>>> print(open('query-v1.pdb').read())   # PDB, C-alpha atoms
ATOM      1  CA  MET A   1       0.000   0.000   0.000
ATOM      2  CA  ALA A   2       2.715   2.450   1.067
ATOM      3  CA  GLU A   3       4.678   1.358  -1.971
ATOM      4  CA  ARG A   4       1.755   2.079  -4.301
ATOM      5  CA  LEU A   5       1.069   5.416  -2.642
ATOM      6  CA  ARG A   6       4.683   6.417  -3.167
ATOM      7  CA  ALA A   7       4.539   5.354  -6.818
ATOM      8  CA  PHE A   8       1.367   7.452  -7.227
ATOM      9  CA  TRP A   9       3.024  10.457  -5.598
ATOM     10  CA  TYR A  10       6.056  10.323  -7.886
ATOM     11  CA  GLN A  11       3.936  10.214 -11.048
ATOM     12  CA  GLU A  12       3.363  13.929 -11.322
ATOM     13  CA  HIS A  13       0.304  13.883 -13.570
ATOM     14  CA  LYS A  14      -1.512  11.627 -11.093
ATOM     15  CA  ARG A  15      -0.414  13.475  -7.951
ATOM     16  CA  ASP A  16      -1.157  16.899  -9.425
ATOM     17  CA  GLY A  17      -4.576  15.833 -10.702
ATOM     18  CA  PHE A  18      -5.465  14.489  -7.291
ATOM     19  CA  LEU A  19      -4.282  17.685  -5.559
ATOM     20  CA  LEU A  20      -6.193  19.924  -7.971
ATOM     21  CA  GLY A  21      -9.346  17.977  -7.095
ATOM     22  CA  LEU A  22      -8.606  18.366  -3.415
ATOM     23  CA  ALA A  23      -8.292  22.138  -3.861
ATOM     24  CA  VAL A  24     -11.597  22.190  -5.735
ATOM     25  CA  GLY A  25     -13.137  20.572  -2.654
ATOM     26  CA  SER A  26     -12.652  23.848  -0.797
ATOM     27  CA  PHE A  27     -14.698  25.587  -3.473
ATOM     28  CA  GLY A  28     -17.335  22.892  -2.985
ATOM     29  CA  ILE A  29     -17.563  23.964   0.655
ATOM     30  CA  THR A  30     -18.028  27.562  -0.433
ATOM     31  CA  PHE A  31     -20.748  26.487  -2.853
ATOM     32  CA  GLY A  32     -22.527  24.533  -0.122
ATOM     33  CA  VAL A  33     -22.437  27.543   2.204
ATOM     34  CA  LEU A  34     -23.710  29.879  -0.523
ATOM     35  CA  ALA A  35     -26.474  27.451  -1.533
ATOM     36  CA  ASN A  36     -27.499  27.137   2.092
ATOM     37  CA  SER A  37     -27.663  30.882   2.641
ATOM     38  CA  ALA A  38     -29.594  31.234  -0.627
ATOM     39  CA  GLY A  39     -32.267  28.990   0.835
ATOM     40  CA  LEU A  40     -31.468  25.999  -1.356
ATOM     41  CA  SER A  41     -32.223  22.710   0.405
ATOM     42  CA  GLY A  42     -29.423  20.194   1.006
ATOM     43  CA  PRO A  43     -30.785  17.692  -1.547
ATOM     44  CA  LYS A  44     -31.064  20.438  -4.170
ATOM     45  CA  ALA A  45     -27.503  21.677  -3.573
ATOM     46  CA  LEU A  46     -26.097  18.155  -3.741
ATOM     47  CA  THR A  47     -28.140  17.297  -6.848
ATOM     48  CA  MET A  48     -26.644  20.341  -8.540
ATOM     49  CA  SER A  49     -23.107  19.340  -7.630
ATOM     50  CA  LEU A  50     -23.688  15.756  -8.827
ATOM     51  CA  LEU A  51     -25.564  16.476 -12.053
ATOM     52  CA  VAL A  52     -24.645  20.008 -13.129
ATOM     53  CA  PHE A  53     -21.039  19.515 -11.959
ATOM     54  CA  THR A  54     -19.668  22.754 -13.386
ATOM     55  CA  GLY A  55     -18.496  25.014 -10.587
ATOM     56  CA  ALA A  56     -18.751  28.423 -12.221
ATOM     57  CA  SER A  57     -22.253  27.704 -13.540
ATOM     58  CA  GLN A  58     -23.483  26.534 -10.161
ATOM     59  CA  PHE A  59     -22.132  29.644  -8.406
ATOM     60  CA  ALA A  60     -23.732  31.886 -11.014
ATOM     61  CA  ALA A  61     -27.124  30.172 -10.902
ATOM     62  CA  VAL A  62     -27.372  30.219  -7.116
ATOM     63  CA  GLY A  63     -25.869  33.696  -6.817
ATOM     64  CA  ILE A  64     -28.246  35.292  -9.304
ATOM     65  CA  ALA A  65     -31.280  33.476  -7.905
ATOM     66  CA  ASN A  66     -30.237  34.601  -4.404
ATOM     67  CA  SER A  67     -29.922  38.253  -5.351
ATOM     68  CA  GLY A  68     -33.488  38.215  -6.661
ATOM     69  CA  GLY A  69     -32.554  37.900 -10.339
ATOM     70  CA  GLU A  70     -34.945  36.363 -12.808
ATOM     71  CA  PRO A  71     -34.790  32.558 -12.955
ATOM     72  CA  LEU A  72     -34.302  32.684 -16.724
ATOM     73  CA  SER A  73     -31.339  35.042 -16.521
ATOM     74  CA  ALA A  74     -29.789  32.830 -13.843
ATOM     75  CA  LEU A  75     -30.223  29.840 -16.139
ATOM     76  CA  GLY A  76     -28.909  31.707 -19.187
ATOM     77  CA  THR A  77     -25.751  32.932 -17.475
ATOM     78  CA  ALA A  78     -25.088  29.515 -15.975
ATOM     79  CA  LEU A  79     -25.434  27.823 -19.374
ATOM     80  CA  LEU A  80     -23.202  30.407 -21.023
ATOM     81  CA  LEU A  81     -20.526  29.727 -18.432
ATOM     82  CA  SER A  82     -20.662  26.003 -19.156
ATOM     83  CA  ALA A  83     -20.382  26.365 -22.934
ATOM     84  CA  ARG A  84     -16.574  26.290 -22.786
ATOM     85  CA  ASN A  85     -16.836  22.658 -21.691
ATOM     86  CA  CYS A  86     -17.811  21.932 -25.299
ATOM     87  CA  ALA A  87     -14.419  23.256 -26.436
ATOM     88  CA  TYR A  88     -12.670  21.171 -23.783
ATOM     89  CA  ALA A  89     -14.578  18.071 -24.838
ATOM     90  CA  LEU A  90     -13.457  18.602 -28.440
ATOM     91  CA  SER A  91      -9.841  18.985 -27.334
ATOM     92  CA  LEU A  92     -10.069  15.707 -25.396
ATOM     93  CA  ALA A  93     -11.780  13.761 -28.158
ATOM     94  CA  GLN A  94      -8.693  11.718 -29.046
ATOM     95  CA  ILE A  95      -8.006  10.353 -25.571
ATOM     96  CA  LEU A  96     -11.569   9.551 -24.441
ATOM     97  CA  PRO A  97     -12.901   5.965 -24.613
ATOM     98  CA  GLN A  98     -14.007   4.829 -28.074
ATOM     99  CA  LYS A  99     -17.148   3.056 -26.805
ATOM    100  CA  THR A 100     -20.321   5.150 -26.539
ATOM    101  CA  GLY A 101     -21.017   4.185 -22.916
ATOM    102  CA  GLY A 102     -17.531   5.175 -21.802
ATOM    103  CA  ARG A 103     -17.793   8.459 -23.673
ATOM    104  CA  LEU A 104     -21.164   9.297 -22.095
ATOM    105  CA  LEU A 105     -19.623   8.699 -18.678
ATOM    106  CA  ALA A 106     -16.427  10.611 -19.469
ATOM    107  CA  ALA A 107     -18.447  13.580 -20.779
ATOM    108  CA  GLN A 108     -19.691  14.422 -17.292
ATOM    109  CA  LEU A 109     -16.081  14.706 -16.067
ATOM    110  CA  VAL A 110     -15.083  17.223 -18.767
ATOM    111  CA  ILE A 111     -14.349  20.448 -16.873
ATOM    112  CA  ASP A 112     -11.607  23.100 -16.587
ATOM    113  CA  GLU A 113      -9.372  21.037 -14.322
ATOM    114  CA  SER A 114      -9.549  17.642 -16.045
ATOM    115  CA  ALA A 115      -9.127  19.167 -19.512
ATOM    116  CA  ALA A 116      -6.223  21.409 -18.533
ATOM    117  CA  MET A 117      -4.392  18.634 -16.674
ATOM    118  CA  SER A 118      -4.930  16.131 -19.489
ATOM    119  CA  ASN A 119      -3.949  18.481 -22.303
ATOM    120  CA  ALA A 120      -0.724  19.413 -20.516
ATOM    121  CA  GLN A 121       0.605  15.833 -20.817
ATOM    122  CA  SER A 122       2.945  14.799 -23.596
ATOM    123  CA  SER A 123       1.956  11.138 -24.030
ATOM    124  CA  PRO A 124      -1.591   9.906 -24.792
ATOM    125  CA  GLN A 125      -1.375   7.395 -21.931
ATOM    126  CA  ASP A 126      -0.497  10.111 -19.394
ATOM    127  CA  ALA A 127      -3.218  12.334 -20.869
ATOM    128  CA  LYS A 128      -5.788   9.561 -20.374
ATOM    129  CA  GLU A 129      -4.725   8.900 -16.788
ATOM    130  CA  ALA A 130      -4.567  12.619 -15.992
ATOM    131  CA  PHE A 131      -8.103  13.104 -17.332
ATOM    132  CA  TRP A 132      -9.656  10.312 -15.286
ATOM    133  CA  ILE A 133      -7.756  10.934 -12.061
ATOM    134  CA  THR A 134      -8.320  14.695 -12.143
ATOM    135  CA  GLY A 135     -11.973  14.367 -13.208
ATOM    136  CA  LEU A 136     -12.794  11.778 -10.554
ATOM    137  CA  SER A 137     -10.840  13.619  -7.874
ATOM    138  CA  VAL A 138     -12.665  16.873  -8.626
ATOM    139  CA  PHE A 139     -16.003  15.012  -8.725
ATOM    140  CA  VAL A 140     -15.485  13.332  -5.360
ATOM    141  CA  PHE A 141     -14.115  16.391  -3.545
ATOM    142  CA  TRP A 142     -16.524  18.883  -5.131
ATOM    143  CA  ASN A 143     -19.472  16.813  -3.932
ATOM    144  CA  THR A 144     -17.952  16.077  -0.519
ATOM    145  CA  GLY A 145     -17.221  19.789  -0.179
ATOM    146  CA  THR A 146     -20.812  20.666  -1.074
ATOM    147  CA  LEU A 147     -22.074  18.298   1.628
ATOM    148  CA  VAL A 148     -19.702  19.779   4.204
ATOM    149  CA  GLY A 149     -20.659  23.327   3.230
ATOM    150  CA  VAL A 150     -24.392  22.666   3.390
ATOM    151  CA  PHE A 151     -24.375  20.936   6.757
ATOM    152  CA  ILE A 152     -21.461  22.307   8.763
ATOM    153  CA  GLY A 153     -20.536  25.372   6.713
ATOM    154  CA  GLU A 154     -20.609  27.731   9.675
ATOM    155  CA  VAL A 155     -18.122  25.608  11.612
ATOM    156  CA  VAL A 156     -15.630  25.484   8.738
ATOM    157  CA  GLY A 157     -15.754  29.167   7.890
ATOM    158  CA  ASN A 158     -15.075  30.577   4.450
ATOM    159  CA  PRO A 159     -12.228  28.678   2.744
ATOM    160  CA  GLN A 160     -11.714  31.614   0.384
ATOM    161  CA  GLN A 161      -9.918  33.424   3.202
ATOM    162  CA  TRP A 162      -7.078  31.001   2.503
ATOM    163  CA  GLY A 163      -6.631  32.563  -0.920
ATOM    164  CA  LEU A 164      -7.588  29.451  -2.861
ATOM    165  CA  ASP A 165      -9.372  31.572  -5.450
ATOM    166  CA  ALA A 166      -5.884  32.540  -6.668
ATOM    167  CA  ALA A 167      -4.708  28.922  -6.686
ATOM    168  CA  PHE A 168      -6.864  28.015  -9.690
ATOM    169  CA  PRO A 169      -5.729  30.648 -12.201
ATOM    170  CA  ALA A 170      -2.149  29.946 -11.041
ATOM    171  CA  ALA A 171      -2.708  26.220 -11.577
ATOM    172  CA  PHE A 172      -4.105  26.833 -15.057
ATOM    173  CA  LEU A 173      -1.143  29.084 -15.795
ATOM    174  CA  ALA A 174       1.183  26.221 -14.841
ATOM    175  CA  LEU A 175      -0.804  23.912 -17.131
ATOM    176  CA  LEU A 176      -0.717  26.437 -19.962
ATOM    177  CA  LEU A 177       3.096  26.675 -19.923
ATOM    178  CA  PRO A 178       3.807  23.352 -21.703
ATOM    179  CA  HIS A 179       1.587  24.549 -24.593
ATOM    180  CA  VAL A 180       3.139  27.972 -25.063
ATOM    181  CA  ARG A 181       6.664  26.659 -25.467
ATOM    182  CA  GLU A 182       5.576  26.431 -29.113
ATOM    183  CA  LYS A 183       5.648  29.876 -30.685
ATOM    184  CA  GLU A 184       2.374  29.522 -32.569
ATOM    185  CA  LYS A 185       0.479  28.424 -29.508
ATOM    186  CA  LEU A 186       2.007  31.248 -27.507
ATOM    187  CA  ARG A 187       0.560  33.623 -30.093
ATOM    188  CA  THR A 188      -2.853  31.989 -29.828
ATOM    189  CA  ALA A 189      -2.769  32.153 -26.029
ATOM    190  CA  LEU A 190      -1.735  35.817 -25.974
ATOM    191  CA  LEU A 191      -4.485  36.728 -28.418
ATOM    192  CA  GLY A 192      -7.013  34.772 -26.340
ATOM    193  CA  ALA A 193      -5.856  36.561 -23.185
ATOM    194  CA  VAL A 194      -6.167  39.984 -24.819
ATOM    195  CA  ILE A 195      -9.633  39.191 -26.153
ATOM    196  CA  ALA A 196     -10.802  38.024 -22.718
ATOM    197  CA  VAL A 197      -9.433  41.054 -20.846
ATOM    198  CA  ALA A 198     -10.806  43.464 -23.436
ATOM    199  CA  THR A 199     -14.309  42.006 -23.242
ATOM    200  CA  ILE A 200     -14.651  41.495 -19.459
ATOM    201  CA  PRO A 201     -16.129  44.983 -18.830
ATOM    202  CA  PHE A 202     -18.633  44.794 -21.678
ATOM    203  CA  VAL A 203     -20.213  41.353 -21.923
ATOM    204  CA  PRO A 204     -21.951  39.001 -19.446
ATOM    205  CA  SER A 205     -19.716  36.570 -17.589
ATOM    206  CA  GLY A 206     -19.054  33.408 -19.534
ATOM    207  CA  LEU A 207     -18.620  35.172 -22.843
ATOM    208  CA  PRO A 208     -15.012  36.426 -22.398
ATOM    209  CA  VAL A 209     -13.754  32.825 -22.111
ATOM    210  CA  LEU A 210     -15.793  31.794 -25.148
ATOM    211  CA  PHE A 211     -14.521  34.780 -27.115
ATOM    212  CA  ALA A 212     -10.972  33.782 -26.190
ATOM    213  CA  ALA A 213     -11.581  30.477 -28.001
ATOM    214  CA  LEU A 214     -11.973  32.533 -31.176
ATOM    215  CA  SER A 215      -8.223  33.096 -31.193
ATOM    216  CA  ALA A 216      -7.871  29.415 -32.123
ATOM    217  CA  VAL A 217     -10.180  30.102 -35.047
ATOM    218  CA  ALA A 218      -8.101  33.147 -35.997
ATOM    219  CA  PHE A 219      -5.088  30.852 -36.105
ATOM    220  CA  PHE A 220      -7.084  28.600 -38.431
ATOM    221  CA  GLY A 221      -7.699  31.538 -40.778
ATOM    222  CA  LEU A 222      -3.978  32.324 -40.901
ATOM    223  CA  GLU A 223      -3.098  28.700 -41.654
ATOM    224  CA  ILE A 224      -5.611  28.514 -44.491
ATOM    225  CA  ARG A 225      -4.207  31.671 -46.045
ATOM    226  CA  LYS A 226      -0.657  30.266 -45.904
ATOM    227  CA  ARG A 227      -1.611  27.164 -47.884
TER
ATOM    228  CA  MET B   1     -34.138  27.596  -7.552
ATOM    229  CA  THR B   2     -36.834  25.080  -8.402
ATOM    230  CA  TRP B   3     -36.249  21.414  -9.180
ATOM    231  CA  ILE B   4     -37.248  22.163 -12.762
ATOM    232  CA  SER B   5     -34.589  24.853 -13.237
ATOM    233  CA  ILE B   6     -31.966  22.623 -11.611
ATOM    234  CA  GLY B   7     -32.969  19.840 -14.016
ATOM    235  CA  ALA B   8     -32.815  22.186 -16.999
ATOM    236  CA  LEU B   9     -29.371  23.410 -15.964
ATOM    237  CA  ALA B  10     -28.105  19.848 -15.495
ATOM    238  CA  VAL B  11     -29.389  18.815 -18.932
ATOM    239  CA  GLY B  12     -27.991  21.950 -20.590
ATOM    240  CA  CYS B  13     -24.525  21.610 -19.046
ATOM    241  CA  TYR B  14     -24.314  17.911 -19.894
ATOM    242  CA  PHE B  15     -25.508  18.690 -23.423
ATOM    243  CA  PHE B  16     -22.503  20.968 -24.082
ATOM    244  CA  LYS B  17     -20.089  18.305 -22.830
ATOM    245  CA  VAL B  18     -21.689  15.471 -24.825
ATOM    246  CA  ILE B  19     -21.806  17.519 -28.037
ATOM    247  CA  GLY B  20     -18.068  18.145 -27.864
ATOM    248  CA  VAL B  21     -17.245  14.588 -26.875
ATOM    249  CA  PHE B  22     -19.110  13.048 -29.809
ATOM    250  CA  ALA B  23     -18.389  15.749 -32.395
ATOM    251  CA  GLY B  24     -14.709  15.180 -31.680
ATOM    252  CA  ARG B  25     -14.864  11.424 -32.195
ATOM    253  CA  GLY B  26     -14.914  11.683 -35.971
ATOM    254  CA  LEU B  27     -12.195  14.323 -36.205
ATOM    255  CA  ARG B  28      -8.781  13.276 -37.420
ATOM    256  CA  VAL B  29      -5.695  14.493 -35.568
ATOM    257  CA  SER B  30      -3.864  15.286 -38.762
ATOM    258  CA  GLY B  31      -4.536  18.291 -40.960
ATOM    259  CA  VAL B  32      -5.682  21.800 -40.193
ATOM    260  CA  GLY B  33      -8.669  20.610 -38.141
ATOM    261  CA  GLY B  34      -6.388  18.796 -35.731
ATOM    262  CA  GLU B  35      -4.101  21.805 -35.472
ATOM    263  CA  VAL B  36      -6.986  24.132 -34.634
ATOM    264  CA  LEU B  37      -8.104  21.612 -32.034
ATOM    265  CA  SER B  38      -4.670  21.676 -30.443
ATOM    266  CA  HIS B  39      -4.897  25.475 -30.282
ATOM    267  CA  LEU B  40      -8.270  25.367 -28.537
ATOM    268  CA  THR B  41      -6.817  24.523 -25.132
ATOM    269  CA  PRO B  42      -4.220  27.316 -24.966
ATOM    270  CA  ALA B  43      -6.843  29.783 -26.236
ATOM    271  CA  VAL B  44      -9.540  28.848 -23.731
ATOM    272  CA  LEU B  45      -7.095  28.408 -20.843
ATOM    273  CA  ALA B  46      -5.559  31.829 -21.443
ATOM    274  CA  GLY B  47      -9.023  33.406 -21.429
ATOM    275  CA  LEU B  48     -10.017  31.531 -18.288
ATOM    276  CA  ILE B  49      -6.843  32.604 -16.471
ATOM    277  CA  MET B  50      -7.508  36.244 -17.345
ATOM    278  CA  VAL B  51     -11.130  36.077 -16.190
ATOM    279  CA  GLN B  52     -10.235  34.369 -12.916
ATOM    280  CA  THR B  53      -7.402  36.833 -12.314
ATOM    281  CA  PHE B  54      -8.910  40.157 -13.359
ATOM    282  CA  ASP B  55     -12.720  39.876 -13.399
ATOM    283  CA  GLY B  56     -14.130  41.760 -10.427
ATOM    284  CA  GLY B  57     -17.755  41.254 -11.401
ATOM    285  CA  GLY B  58     -17.827  42.901 -14.800
ATOM    286  CA  THR B  59     -14.966  45.329 -14.116
ATOM    287  CA  LEU B  60     -11.233  44.784 -14.345
ATOM    288  CA  LYS B  61      -9.776  44.429 -10.870
ATOM    289  CA  VAL B  62      -6.170  44.234  -9.744
ATOM    290  CA  GLY B  63      -5.681  43.097  -6.172
ATOM    291  CA  ALA B  64      -4.748  40.255  -3.842
ATOM    292  CA  VAL B  65      -5.739  37.589  -6.373
ATOM    293  CA  THR B  66      -3.626  39.192  -9.099
ATOM    294  CA  ALA B  67      -0.577  39.174  -6.816
ATOM    295  CA  GLY B  68      -1.218  35.553  -5.841
ATOM    296  CA  VAL B  69      -1.503  34.455  -9.468
ATOM    297  CA  ALA B  70       1.727  36.307 -10.272
ATOM    298  CA  ALA B  71       3.502  34.480  -7.446
ATOM    299  CA  GLY B  72       2.119  31.106  -8.509
ATOM    300  CA  GLY B  73       2.902  31.867 -12.135
ATOM    301  CA  LEU B  74       6.491  32.672 -11.245
ATOM    302  CA  ALA B  75       6.779  29.401  -9.336
ATOM    303  CA  ALA B  76       5.447  27.549 -12.384
ATOM    304  CA  PHE B  77       7.754  29.422 -14.728
ATOM    305  CA  VAL B  78      10.886  28.375 -12.834
ATOM    306  CA  ARG B  79       9.448  24.842 -12.878
ATOM    307  CA  LEU B  80       8.797  24.412  -9.198
ATOM    308  CA  PRO B  81       6.490  21.451  -8.486
ATOM    309  CA  PHE B  82       2.737  21.915  -8.934
ATOM    310  CA  PRO B  83       1.904  21.802  -5.190
ATOM    311  CA  VAL B  84       4.304  24.734  -4.684
ATOM    312  CA  VAL B  85       2.418  26.675  -7.370
ATOM    313  CA  LEU B  86      -0.911  26.109  -5.589
ATOM    314  CA  VAL B  87       0.428  26.962  -2.134
ATOM    315  CA  SER B  88       2.415  30.053  -3.132
ATOM    316  CA  ALA B  89      -0.546  31.573  -5.015
ATOM    317  CA  SER B  90      -2.909  30.946  -2.085
ATOM    318  CA  ALA B  91      -0.435  32.086   0.560
ATOM    319  CA  VAL B  92       0.351  35.414  -1.129
ATOM    320  CA  THR B  93      -3.346  36.154  -1.638
ATOM    321  CA  ALA B  94      -4.293  35.165   1.911
ATOM    322  CA  LEU B  95      -1.458  37.249   3.383
ATOM    323  CA  LEU B  96      -2.425  40.327   1.372
ATOM    324  CA  ARG B  97      -6.002  39.942   2.570
ATOM    325  CA  LEU B  98      -4.818  39.873   6.167
ATOM    326  CA  LEU B  99      -3.008  43.193   5.771
TER
END
>>> encode(input="query-v1.pdb", output="structure tokens")
Amino acid sequence: MAERLRAFWYQEHKRDGFLLGLAVGSFGITFGVLANSAGLSGPKALTMSLLVFTGASQFAAVGIANSGGEPLSALGTALLLSARNCAYALSLAQILPQKTGGRLLAAQLVIDESAAMSNAQSSPQDAKEAFWITGLSVFVFWNTGTLVGVFIGEVVGNPQQWGLDAAFPAAFLALLLPHVREKEKLRTALLGAVIAVATIPFVPSGLPVLFAALSAVAFFGLEIRKR
Amino acid sequence: MTWISIGALAVGCYFFKVIGVFAGRGLRVSGVGGEVLSHLTPAVLAGLIMVQTFDGGGTLKVGAVTAGVAAGGLAAFVRLPFPVVLVSASAVTALLRLL
């Protein structure tokens, strides 16, 4: 057992995926607390974490509903925020199971963390393992965190005091680095970053990230012109 | 939130994931399509990092989170292990909030 644990720890893609999921658990606690204070019942909060399973969308939906926003606008914003998962799913298409059942199951685990961790790997085997370990780790800890937040949130306090909201962009930055060692991808990433920053003040949340994806399409246009 | 809106949200979010997962199955890795696909991750990740670092609810905000991300980014850049990246970003942000 100790031997296997040590082996796990020294395989970075597995260890890091597990840790990222653990960190997400703290956000699960925050979600549970927020859901609770928004008057969402425990079963409803947990159902969201199990079935919606897209952190940003869940926060938006509960937050908007809590502040007296219209249910439709809460739903619209939440859906918009989850649209980027479609781009992630496309990027993972090569390493997901070939069988339909496996793909349906894997689809639910396609989120920021699992996609970023998987896409940062250099071999397909590592990418596969990183996807499943990160996805399952996030799933388990996000839902455990939600439970903790809903039922004993007041005891735990607000985990965001620990600064974990900065840990995620930093983590994604670390996972972006292997990509941008290629000049062309660095260009794409910079363009995506500029697009996102430029649009933050003007469009509803969710759109800046989607707009950033357009920089990949811009790259496509350049390639076509070259040929 | 009603059970119906939770159900609608769950279906909608899963729909986006499933569309991508199955649309991607037929795509070949070679060619321009595959190249664009490989550019999708850096593009979306870069946008996500910016939003999580600078979005203060519809306005650009520079503060404790920005400093934390810079610290974590630096750790990543000099190839310190991933756990160090997570901890340094959180620690800097938490410390600045204490001040």
>>> interface_residues(input="query-v1.pdb", of="chain A", to="chain B", cutoff="6 Å", atoms="all atoms listed in the file", output="MDAnalysis selection string")
chainID A and resid 51:52 82:83 85:86 89:91 93 107 162:164 166:167 169:170 174 188:189 192:193 196 200:201 209 212:213 216 220
>>> write_last_selection(input="query-v1.pdb", atoms="C-alpha atoms", output="CSV table (one decimal), in the frame of the given file")
chain,number,residue,atom,x,y,z
A,51,LEU,CA,-25.6,16.5,-12.1
A,52,VAL,CA,-24.6,20.0,-13.1
A,82,SER,CA,-20.7,26.0,-19.2
A,83,ALA,CA,-20.4,26.4,-22.9
A,85,ASN,CA,-16.8,22.7,-21.7
A,86,CYS,CA,-17.8,21.9,-25.3
A,89,ALA,CA,-14.6,18.1,-24.8
A,90,LEU,CA,-13.5,18.6,-28.4
A,91,SER,CA,-9.8,19.0,-27.3
A,93,ALA,CA,-11.8,13.8,-28.2
A,107,ALA,CA,-18.4,13.6,-20.8
A,162,TRP,CA,-7.1,31.0,2.5
A,163,GLY,CA,-6.6,32.6,-0.9
A,164,LEU,CA,-7.6,29.5,-2.9
A,166,ALA,CA,-5.9,32.5,-6.7
A,167,ALA,CA,-4.7,28.9,-6.7
A,169,PRO,CA,-5.7,30.6,-12.2
A,170,ALA,CA,-2.1,29.9,-11.0
A,174,ALA,CA,1.2,26.2,-14.8
A,188,THR,CA,-2.9,32.0,-29.8
A,189,ALA,CA,-2.8,32.2,-26.0
A,192,GLY,CA,-7.0,34.8,-26.3
A,193,ALA,CA,-5.9,36.6,-23.2
A,196,ALA,CA,-10.8,38.0,-22.7
A,200,ILE,CA,-14.7,41.5,-19.5
A,201,PRO,CA,-16.1,45.0,-18.8
A,209,VAL,CA,-13.8,32.8,-22.1
A,212,ALA,CA,-11.0,33.8,-26.2
A,213,ALA,CA,-11.6,30.5,-28.0
A,216,ALA,CA,-7.9,29.4,-32.1
A,220,PHE,CA,-7.1,28.6,-38.4
>>> resolve_selection(input="query-v1.pdb", expression="the PyMOL selection byres ((chain A and resi 63-78) around 8)", output="PyMOL selection string")
(chain A and resi 34+38-39+56-62+79-82+204-206) or (chain B and resi 1+5+9)
>>> closest_residue(input="query-v1.pdb", among="A:Val148, A:Leu175, A:Leu214, A:Leu191", to="Phe27 of chain A", atoms="all atoms listed in the file")
A:Val148
>>> resolve_selection(input="query-v1.pdb", expression="the PyMOL selection byres ((chain A and resi 135) around 12)", output="tab-separated table (two decimals) with C-alpha atoms, in the frame of the given file")
chain	number	residue	atom	x	y	z
A	14	LYS	CA	-1.51	11.63	-11.09
A	16	ASP	CA	-1.16	16.90	-9.43
A	17	GLY	CA	-4.58	15.83	-10.70
A	18	PHE	CA	-5.46	14.49	-7.29
A	19	LEU	CA	-4.28	17.68	-5.56
A	20	LEU	CA	-6.19	19.92	-7.97
A	21	GLY	CA	-9.35	17.98	-7.10
A	22	LEU	CA	-8.61	18.37	-3.42
A	24	VAL	CA	-11.60	22.19	-5.74
A	53	PHE	CA	-21.04	19.52	-11.96
A	54	THR	CA	-19.67	22.75	-13.39
A	105	LEU	CA	-19.62	8.70	-18.68
A	106	ALA	CA	-16.43	10.61	-19.47
A	107	ALA	CA	-18.45	13.58	-20.78
A	108	GLN	CA	-19.69	14.42	-17.29
A	109	LEU	CA	-16.08	14.71	-16.07
A	110	VAL	CA	-15.08	17.22	-18.77
A	111	ILE	CA	-14.35	20.45	-16.87
A	112	ASP	CA	-11.61	23.10	-16.59
A	113	GLU	CA	-9.37	21.04	-14.32
A	114	SER	CA	-9.55	17.64	-16.05
A	115	ALA	CA	-9.13	19.17	-19.51
A	116	ALA	CA	-6.22	21.41	-18.53
A	117	MET	CA	-4.39	18.63	-16.67
A	118	SER	CA	-4.93	16.13	-19.49
A	127	ALA	CA	-3.22	12.33	-20.87
A	128	LYS	CA	-5.79	9.56	-20.37
A	129	GLU	CA	-4.72	8.90	-16.79
A	130	ALA	CA	-4.57	12.62	-15.99
A	131	PHE	CA	-8.10	13.10	-17.33
A	132	TRP	CA	-9.66	10.31	-15.29
A	133	ILE	CA	-7.76	10.93	-12.06
A	134	THR	CA	-8.32	14.70	-12.14
A	136	LEU	CA	-12.79	11.78	-10.55
A	137	SER	CA	-10.84	13.62	-7.87
A	138	VAL	CA	-12.66	16.87	-8.63
A	139	PHE	CA	-16.00	15.01	-8.72
A	140	VAL	CA	-15.48	13.33	-5.36
A	141	PHE	CA	-14.12	16.39	-3.54
A	142	TRP	CA	-16.52	18.88	-5.13
